[in-house]
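Here the structure is laid out as structure tokens; the discussion comes afterwards.
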Amino acid sequence: MTRLLDVENLTLEFDTDEGRITAVDDVSFSLEAGEIMGLVGESGSGKSVTAKSLMKLNASNAVYGADTKITLHLKDGPVDIMSLHTSKELKVVRGGAISMIFQEPMASFAPAITIGDQMVEQLLIHTSMSAVKAREVSIEMLNRVGIADAAARFGQYAFELSGGMRQRAMIAMALSTNPKLLIADEPTTALDVTIQAQVIDLMKDLVKDFGMGIVFITHDLGVIAQTADTVAVMYLGRVIEKGPVRQVIGNPSHPYTRGLIDALPRLDDLDTPLKPIPGDIPSPLERPSGCVFSTRCSSYLGPQCSASIPTFNHISPDHMVACHIYQQDQQGTQK
Amino acid sequence: MAQTNSIGAQSNMLQFSKFFAVRAMLAILTLVLVSFIVFSLMELVPGDCAERYVAFKNSQGSVITPEDIQIERVRLGLDQPYIQRWVTWIINAFQGEYGDSCILRVDIAQLLGQKFWLSLGLCLSALILAYVIAIPVGIIAATSKNAVLNNSLRLVSYLGLALPNFLLALMIMLFSTVYFGDSLTGLFSKEYRDAAWSMDRVMDFLGHAWLPIFILGWSATAFAIQTVRALMSDEIGKLYVTAAAARGVSGSRLLMRYPARHALSPIINSVGFDLNRIFNELPIVALILTLTEAGSLLIEALARSNDQQLAGAIIFMLTASIVAINFVTDIILALTDPRIRRSIVG
Amino acid sequence: MTELTNTNTAPSVDQKLKEAYFTASQGQLIWQRFKKNKSALIGGWVLIVLVLSGIFAPFLTPYDATIAGRDKAYLNGAPQAPSFCDDNGCSVRPFIYTYERSRSLKTNFRWVTEVKSELEDRRYMTFFSTGMEYKFLGIQFDRHLFGVDKGMIHIFGTDSTGKDIYSRTLTAINTSMAVGTIGVLIAFVMALAIGGVAGYYGGKIDAVLQMVTDTVRTIPAIPLFMALAAFVPDTWSAEERFFFISVILGVIGWPTLARRIRTHLLSERNQEYVLAAQLCGASPAHVIRRHLLPSFTSYIIVDLVISFPYMILSETALSFIGLGLKDPVNSLGVMLQNVTSADVLLNYQWYFIPVIFFIILVLAFVFVGDGLRDAADPYADTKS
């Protein structure tokens with residue numbers, strides 16, 4: 001497994017009328033080729049912003065931290081994303097080495113341009129193919145993702161396709177340039193469960209065939225359990241737990257992760273009341289000092305939780321958690 | 001379900017012709033309705049054409065009796081029932097004949113003649129000018145972060161709204177008279193007014209026409225800038241633009257092909273309405289600039305001489321122009337907006 | 001789960017603010033957002049000042065705006081600016097000079113104004129002085145904000161019959177506002193009726209009403225109005241003309257408003273919250289009153305405010321051509337009636353001063369309307 005992506009100390013603030021708002025705070029993770037990493041969190045946790053940072057797709061009032069370093073390891077050598085500034089420079093990554101698919105397939109396609117035109121356009125930007133070849137490749141891609149009658153669909157508009165088909169078309173478009181990294185921003189949230197399953201299977205197949213890495217953003221733990229190899233849980237802009245999927249879900253160590261899993265309804269016990277996480281996610285303008293989860297944490301230890309930001313501790317070689325509970329016990333006894 | 005190309009194309013044509021025909025029918029229906037309203041309003045006015053003519057004659061010194069009025073009525077066909085008169089009127093109207101003017105006793109179509117087409121030409125030029133300026137400016141305004149530019153554009157569009165064309169015309173008249181001596185009025189210089197069309201006449205016309213076109217286009221431009229800007233802002237914020245950027249589309253291609261292309265439809269839609277607004281301003285601007293050709297005639301007909309026939313004809317023709325433009329823009333929309341196209345063709 | 005006191009909770013003051021935010025009424029929310037918009041606030045203040053000066057015009061102006069208040073000795077007179085100091089020294093009270101106008105063979109019969117600038121020729125301004133009587137709310141008053149101890153003062157100059165332009169400007173504002181208000185009200189009532197029926201019932205009724213509304217909308221208003229207004233008999237009194245003009249403006253203005261109401265009703269009545277209310281057993285009247293109407297009240301108010309300037313400008317345009325209001329009723333259009341003659345343009349530029357007031361009035365309306373629109377739409381992104 002080759003290292004594909006290294007994200008180190010990603011910090012992002014937005015410059016707004018109300019002041020500087022921290023959206024992402026010191027996030028670090030890495031991704032291997034062929035690995036599916038899940039990025040989980042509530043709305044407002046900063047997962048979308050994190051993903052968009054990988055190709056600097058955030059709004060123009062986004063300010064990156066000085067220590068932020070994002071490195072994409074390509075065949076020709078590593079690419080330092082932070083050093084790319086203009087759209088021209090970023091073209092290498094945008095739609096080329098990195099592709100992104102979005103939550104709303106209907107809204108992601110331009111309404112008045114055919115699917116085919118948009119796919120061909122992307123190929124013409126990133127490769128030296130002729131228009132005819134681009135058309136061929138696109139239709140083949142549409143076929144590959146399981147769209148019947150691909151040639152006809154090529155000339156159609158987004159509103160003429162069904163929801164599931166649109167999502168597949170978007171995947172086809174994203175993959176036509178053979179990217180090394182695919183960012184999937186809540187790709188299954190807007191779909192019904194059966195289509196969801198199909199799309200997830202499709203993505204797993206494609207990873208096997210193309211050998212790319214996927215960053216899979218969602219708030220749905222169930223989807224992550226089925227799909228991802230590793231998972232990083234985010235809260236209010238920070239990663240609070242990360243590790244292999246089986247371990248994090250089987251042994252949730254951070255109180256927030258535990259809260260997320262406990263909040264899921266249990267099919268085997270329909271009578272127990274649901275257990276939500278108490279409180280509300282704070283507004284980004286009022287970030288709690290110290291540990292960001294301290295205001296809602298039921299395992300609140302005391303002043304040190306509000307005073308200092310916890311660093312990562314290893315529960316197992318690959319499973320890490322950022323919580324003072326695990327820092328307290330230097331001897332390794334868990335609470 | 002592959003259809004051979006020729007059959008597919010043929011059925012497309014059929015569907016499209018159906019759409020075309022339906023739209024045309026609707027336009028005609030609208031015109032009929034308009035004629036009904038206009039005709040009724042003219043009827044509601046106290047006194048009819050015969051009386052007016054007779055009163056006019058009276059003021060000239062001749063003495064008229066009630067019998068003369070009645071004779072006049074019969075001659076003009078005013079004793080026929082309402083519906084019959086309306087039907088006759090509208091049939092003639094569609095052929096471009098409006099009968100004789102009440103007071104002037106001259107065939108209206110002849111009277112209006114060139115004047116209507118000149119007015120229409122001025123208004124359309126103003127409209128085109130407005131969009132030629134507003135579309136690029138609006139697009140730039142929507143994408144620029146420059147605060148100075150944004151604020152000054154906002155001010156310009158507000159001024160365009162607050163300073164209506166006739167006030168603007170007044171101000172221009174004021175300045176030109178004070179500083180240059182009166183020279184900006186009229187559409188033609190004396191020599192060319194009734195002359196036949198020639199290259200010289202065209203040049204003379206253009207030399208004079210720029211001012212009314214500018215004044216008429218003024219508030220239309222201000223409005224259009226605001227509209228284009230708002231539409232572009234809306235579109236730029238949509239997900240498909242971000243998605244396109246994520247694919248590597250950039251620069252002017254990203255701007256024009258994505259949000260601009262999609263903001264086009266609502267703009268095309270609003271053209272007819274803009275023309276309506278310009279028509280509203282034409283008479284007064286014309287009066288101020290003493291454009292004896294087009295606008296002034298409207299004012300006299302509508303205001304001074306109480307001439308229903310002429311007034312009715314003019315209003316009908318103005319509205320017919322707007323209905324025609326709306327029809328054209330509908331067709332253009334159907335051709336350029338794939339959603340509409342698909343819903344027609346099925 | 002251990003219950004530990006969490007000392008990092010937000011202080012209770014913030015909690016109160018949050019609660020206030022969530023329980024605020026629609027009006028309060030709109031006002032909050034509106035307050036943030038500086039240009040709208042300024043526009044609002046300007047508007048209030050202008051409207052009040054229109055309402056209190058008889059008090060604020062020294063003379064009657066009609067023929068009754070004219071200054072026979074100072075026709076087409078230039079504005080007289082008060083000053084505090086001159087060659088003869090300064091005074092606490094502002095004063096103007098005595099002007100003597102004469103014409104004779106010597107001056108080719110052109111009016112010549114001679115300024116007498118000796119100390120005894122000073123005419124001091126008086127404040128809260130008694131002057132011409134006027135009626136306000138049925139009570140007779142005779143106090144005016146300012147006047148002058150001898151003769152008359154014309155800070156904006158006079159017109160060809162000697163009427164004080166300043167007085168006329170303020171009363172013109174009042175008249176235009178009145179015409180605009182009536183016009184907007186009439187348009188609103190008609191739009192509510194037609195748009196309401198079309199939107200609420202939908203279907204065939206809606207289709208027919210739509211056709212009619214669109215047709216009326218296509219007819220250019222001013223030419224139509226010109227055709228109608230020309231037939232108003234001269235025998236009508238000024239008040240009757242006033243009312244007639246307002247009604248016509250309203251009748252011409254309803255289609256746009258009706259369309260808005262209809263579109264809004266059509267989309268809102270299918271919303272889930274309406275269905276929810278109906279399922280709870282709410283009567284149609286209740287649904288309309290408490291659910292549907294508040295959903296678009298703010299939009300309607302915005303539309304009304306924005307249509308105001310159009311009414312005022314239309315009335316101005318028509319009076320200007322002579323088809324609207326006439327003397328003694330006074331409006332901007334009436335005041336501009338004589339402005340296009342070369343004589344005026346060359347010599348009496350102060351006739352244009354009221355134009356500035358009207359531009360400011362219309363701009364104020366536009367700013368306020370825009371500000372209201374931004375404030376009323378909770379989903380609008382206020383990025384300009």
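In the structure tokens, each chain is lettered A, B, ... as it comes, each chain's residues begin at 1, and ligands are numbered from 1 in order of appearance.
Counting only C-alpha atoms, stretch 160-164 of chain B has the following residues at most 7 Å away, ignoring those fewer than 3 positions along the same chain: Val156, Ser157, Leu167, Leu168, Trp218, Ser219 and Ala222 of chain B; Ile359, Val362 and Leu363 of chain C.
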Apply DSSP to the structure's backbone, then extract all residues of stretch 140-222 of chain A labelled strand (DSSP E) and return them as a PyMOL selection string.
chain A and resi 181-185+213-218
Just to be explicit: take each residue in the selection above, keep N, CA and C atoms, and write the result as a PDB file, in the first residue's frame.
```pdb
ATOM      1  N   LEU A 181      -7.455  10.115  -6.181  1.00  0.00           N
ATOM      2  CA  LEU A 181      -8.214  10.307  -4.964  1.00  0.00           C
ATOM      3  C   LEU A 181      -9.621  10.752  -5.321  1.00  0.00           C
ATOM      4  N   LEU A 182     -10.604  10.110  -4.694  1.00  0.00           N
ATOM      5  CA  LEU A 182     -11.991  10.515  -4.910  1.00  0.00           C
ATOM      6  C   LEU A 182     -12.539  11.033  -3.587  1.00  0.00           C
ATOM      7  N   ILE A 183     -13.089  12.219  -3.619  1.00  0.00           N
ATOM      8  CA  ILE A 183     -13.739  12.757  -2.429  1.00  0.00           C
ATOM      9  C   ILE A 183     -15.234  12.610  -2.635  1.00  0.00           C
ATOM     10  N   ALA A 184     -15.887  11.918  -1.751  1.00  0.00           N
ATOM     11  CA  ALA A 184     -17.324  11.718  -1.884  1.00  0.00           C
ATOM     12  C   ALA A 184     -18.011  12.434  -0.733  1.00  0.00           C
ATOM     13  N   ASP A 185     -18.673  13.566  -1.041  1.00  0.00           N
ATOM     14  CA  ASP A 185     -19.318  14.371  -0.007  1.00  0.00           C
ATOM     15  C   ASP A 185     -20.765  13.928   0.142  1.00  0.00           C
ATOM     16  N   GLY A 213      -7.873   6.055  -3.795  1.00  0.00           N
ATOM     17  CA  GLY A 213      -8.292   6.242  -2.415  1.00  0.00           C
ATOM     18  C   GLY A 213      -9.579   7.048  -2.397  1.00  0.00           C
ATOM     19  N   ILE A 214     -10.412   6.756  -1.411  1.00  0.00           N
ATOM     20  CA  ILE A 214     -11.656   7.512  -1.295  1.00  0.00           C
ATOM     21  C   ILE A 214     -11.741   8.138   0.084  1.00  0.00           C
ATOM     22  N   VAL A 215     -12.089   9.434   0.115  1.00  0.00           N
ATOM     23  CA  VAL A 215     -12.458  10.070   1.372  1.00  0.00           C
ATOM     24  C   VAL A 215     -13.978  10.152   1.357  1.00  0.00           C
ATOM     25  N   PHE A 216     -14.618   9.425   2.267  1.00  0.00           N
ATOM     26  CA  PHE A 216     -16.068   9.277   2.220  1.00  0.00           C
ATOM     27  C   PHE A 216     -16.665  10.065   3.369  1.00  0.00           C
ATOM     28  N   ILE A 217     -17.313  11.159   3.053  1.00  0.00           N
ATOM     29  CA  ILE A 217     -17.872  12.023   4.095  1.00  0.00           C
ATOM     30  C   ILE A 217     -19.322  11.659   4.337  1.00  0.00           C
ATOM     31  N   THR A 218     -19.695  11.498   5.584  1.00  0.00           N
ATOM     32  CA  THR A 218     -21.091  11.185   5.878  1.00  0.00           C
ATOM     33  C   THR A 218     -21.366  11.417   7.354  1.00  0.00           C
TER      34      THR A 218
END
```
Pull out every residue of chain A that has at least one atom within 9 Å of chain C, counting only C-alpha atoms, and report them as a count of residues only.
14
Residues of chain B that approach chain A to 7 Å or less, counting only C-alpha atoms: could you list each one with the shortest pair of atoms and its distance in Å to one decimal, rows by chain and increasing residue number, as CSV?
```
residue,atom,partner,partner_atom,distance
B:Leu239,CA,A:Ser108,CA,5.4
B:Tyr240,CA,A:Ser108,CA,4.1
B:Ala243,CA,A:Ser108,CA,5.7
B:Ala246,CA,A:Arg94,CA,5.2
B:Arg247,CA,A:Gly95,CA,3.8
B:Gly248,CA,A:Arg94,CA,4.7
B:Ser250,CA,A:Ser87,CA,6.2
B:Tyr258,CA,A:Ala110,CA,6.7
B:His262,CA,A:Ala112,CA,6.8
B:Asp337,CA,A:Ala112,CA,6.5
B:Pro338,CA,A:Ala112,CA,5.8
```
Can you pull out every residue within 9 Å of A:Gly259, counting only C-alpha atoms, but drop anything in the same chain fewer than 5 positions away, and send it as a list in words?
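Here the qualifying residues turn out to be Pro252, His254, Leu264, Lys275, Pro276 and Ile277 of chain A.
The interatomic distance for the pair atom CA of B:Ser270 and atom CA of C:Leu192 works out to 23.7 Å.
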Closest of C:Trp45, C:Phe242, C:Phe225, C:Tyr97 to chain B - atom-to-atom distances counting only C-alpha atoms
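Nearest to chain B: C:Phe225.
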Atomic distance atom CA of C:Arg33 - atom CA of C:Arg373, expressed in Å with one decimal
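So the answer is 10.2 Å.
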Mind checking which residues fall within 8 Å of stretch 172-185 of chain C, counting only C-alpha atoms, ignoring those fewer than 3 positions away in the same chain, and posting them as a PDB file with C-alpha atoms, in the first residue's frame?
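What follows is the written file result-v5.pdb:
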```pdb
ATOM      1  CA  LEU C  50     -39.897  64.361   4.204  1.00  0.00           C
ATOM      2  CA  VAL C  51     -43.304  62.931   5.006  1.00  0.00           C
ATOM      3  CA  GLY C  54     -45.222  67.421   3.928  1.00  0.00           C
ATOM      4  CA  ILE C  55     -47.814  66.912   6.611  1.00  0.00           C
ATOM      5  CA  ALA C  57     -46.173  72.028   5.476  1.00  0.00           C
ATOM      6  CA  ARG C 168     -45.082  74.857  -3.001  1.00  0.00           C
ATOM      7  CA  THR C 169     -42.407  72.213  -2.750  1.00  0.00           C
ATOM      8  CA  PHE C 188     -53.645  46.525  -3.257  1.00  0.00           C
ATOM      9  CA  VAL C 189     -57.338  45.907  -2.712  1.00  0.00           C
ATOM     10  CA  PHE C 242     -57.260  64.282  -7.548  1.00  0.00           C
ATOM     11  CA  PHE C 243     -59.393  61.345  -6.638  1.00  0.00           C
ATOM     12  CA  ILE C 245     -56.060  60.304 -10.855  1.00  0.00           C
ATOM     13  CA  SER C 246     -55.429  58.232  -7.749  1.00  0.00           C
ATOM     14  CA  VAL C 247     -58.037  55.701  -8.773  1.00  0.00           C
ATOM     15  CA  ILE C 248     -56.621  55.377 -12.257  1.00  0.00           C
ATOM     16  CA  LEU C 249     -53.132  54.866 -10.888  1.00  0.00           C
ATOM     17  CA  GLY C 250     -54.446  52.148  -8.655  1.00  0.00           C
ATOM     18  CA  VAL C 251     -56.339  50.464 -11.432  1.00  0.00           C
ATOM     19  CA  GLY C 253     -51.002  49.222 -10.879  1.00  0.00           C
ATOM     20  CA  LEU C 304     -46.331  48.041  -1.625  1.00  0.00           C
ATOM     21  CA  SER C 307     -44.592  50.421  -5.899  1.00  0.00           C
ATOM     22  CA  PHE C 308     -44.945  53.757  -4.147  1.00  0.00           C
ATOM     23  CA  PRO C 309     -42.253  55.536  -6.157  1.00  0.00           C
ATOM     24  CA  MET C 311     -47.124  55.842  -8.404  1.00  0.00           C
ATOM     25  CA  ILE C 312     -45.508  59.120  -7.525  1.00  0.00           C
ATOM     26  CA  GLU C 315     -48.514  61.054 -11.335  1.00  0.00           C
ATOM     27  CA  THR C 316     -45.656  63.486 -11.838  1.00  0.00           C
ATOM     28  CA  VAL C 329     -53.800  71.380  -6.353  1.00  0.00           C
ATOM     29  CA  ASN C 330     -50.052  71.286  -6.268  1.00  0.00           C
ATOM     30  CA  SER C 331     -47.658  68.463  -7.095  1.00  0.00           C
ATOM     31  CA  LEU C 332     -44.213  68.155  -8.621  1.00  0.00           C
ATOM     32  CA  PHE C 358     -38.289  64.403  -5.360  1.00  0.00           C
TER      33      PHE C 358
END
```
What's the separation between atom CA of A:Ala151 and atom CA of A:Ile171, in Å to one decimal place?
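Atom-to-atom, atom CA of A:Ala151 and atom CA of A:Ile171 are spaced 16.5 Å apart.
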Rank nothing, just name the residue among C:Ala227, C:Arg217, C:Ile153, C:Ser298 nearest to B:Asp274, using only C-alpha atoms.
C:Arg217
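With only C-alpha atoms as the atoms that count, the residue of B:Ile128, B:Val241, B:Leu33, B:Met171 with the shortest distance to C:Ile356 is B:Met171.
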For stretch 265-278 of chain C, find every residue with an atom within 9 Å (counting only C-alpha atoms), except residues of its own chain fewer than 5 positions away, and show them as a PyMOL selection string.
chain C and resi 195-196+198-202+260+283-284+286-288+291-293+295-296
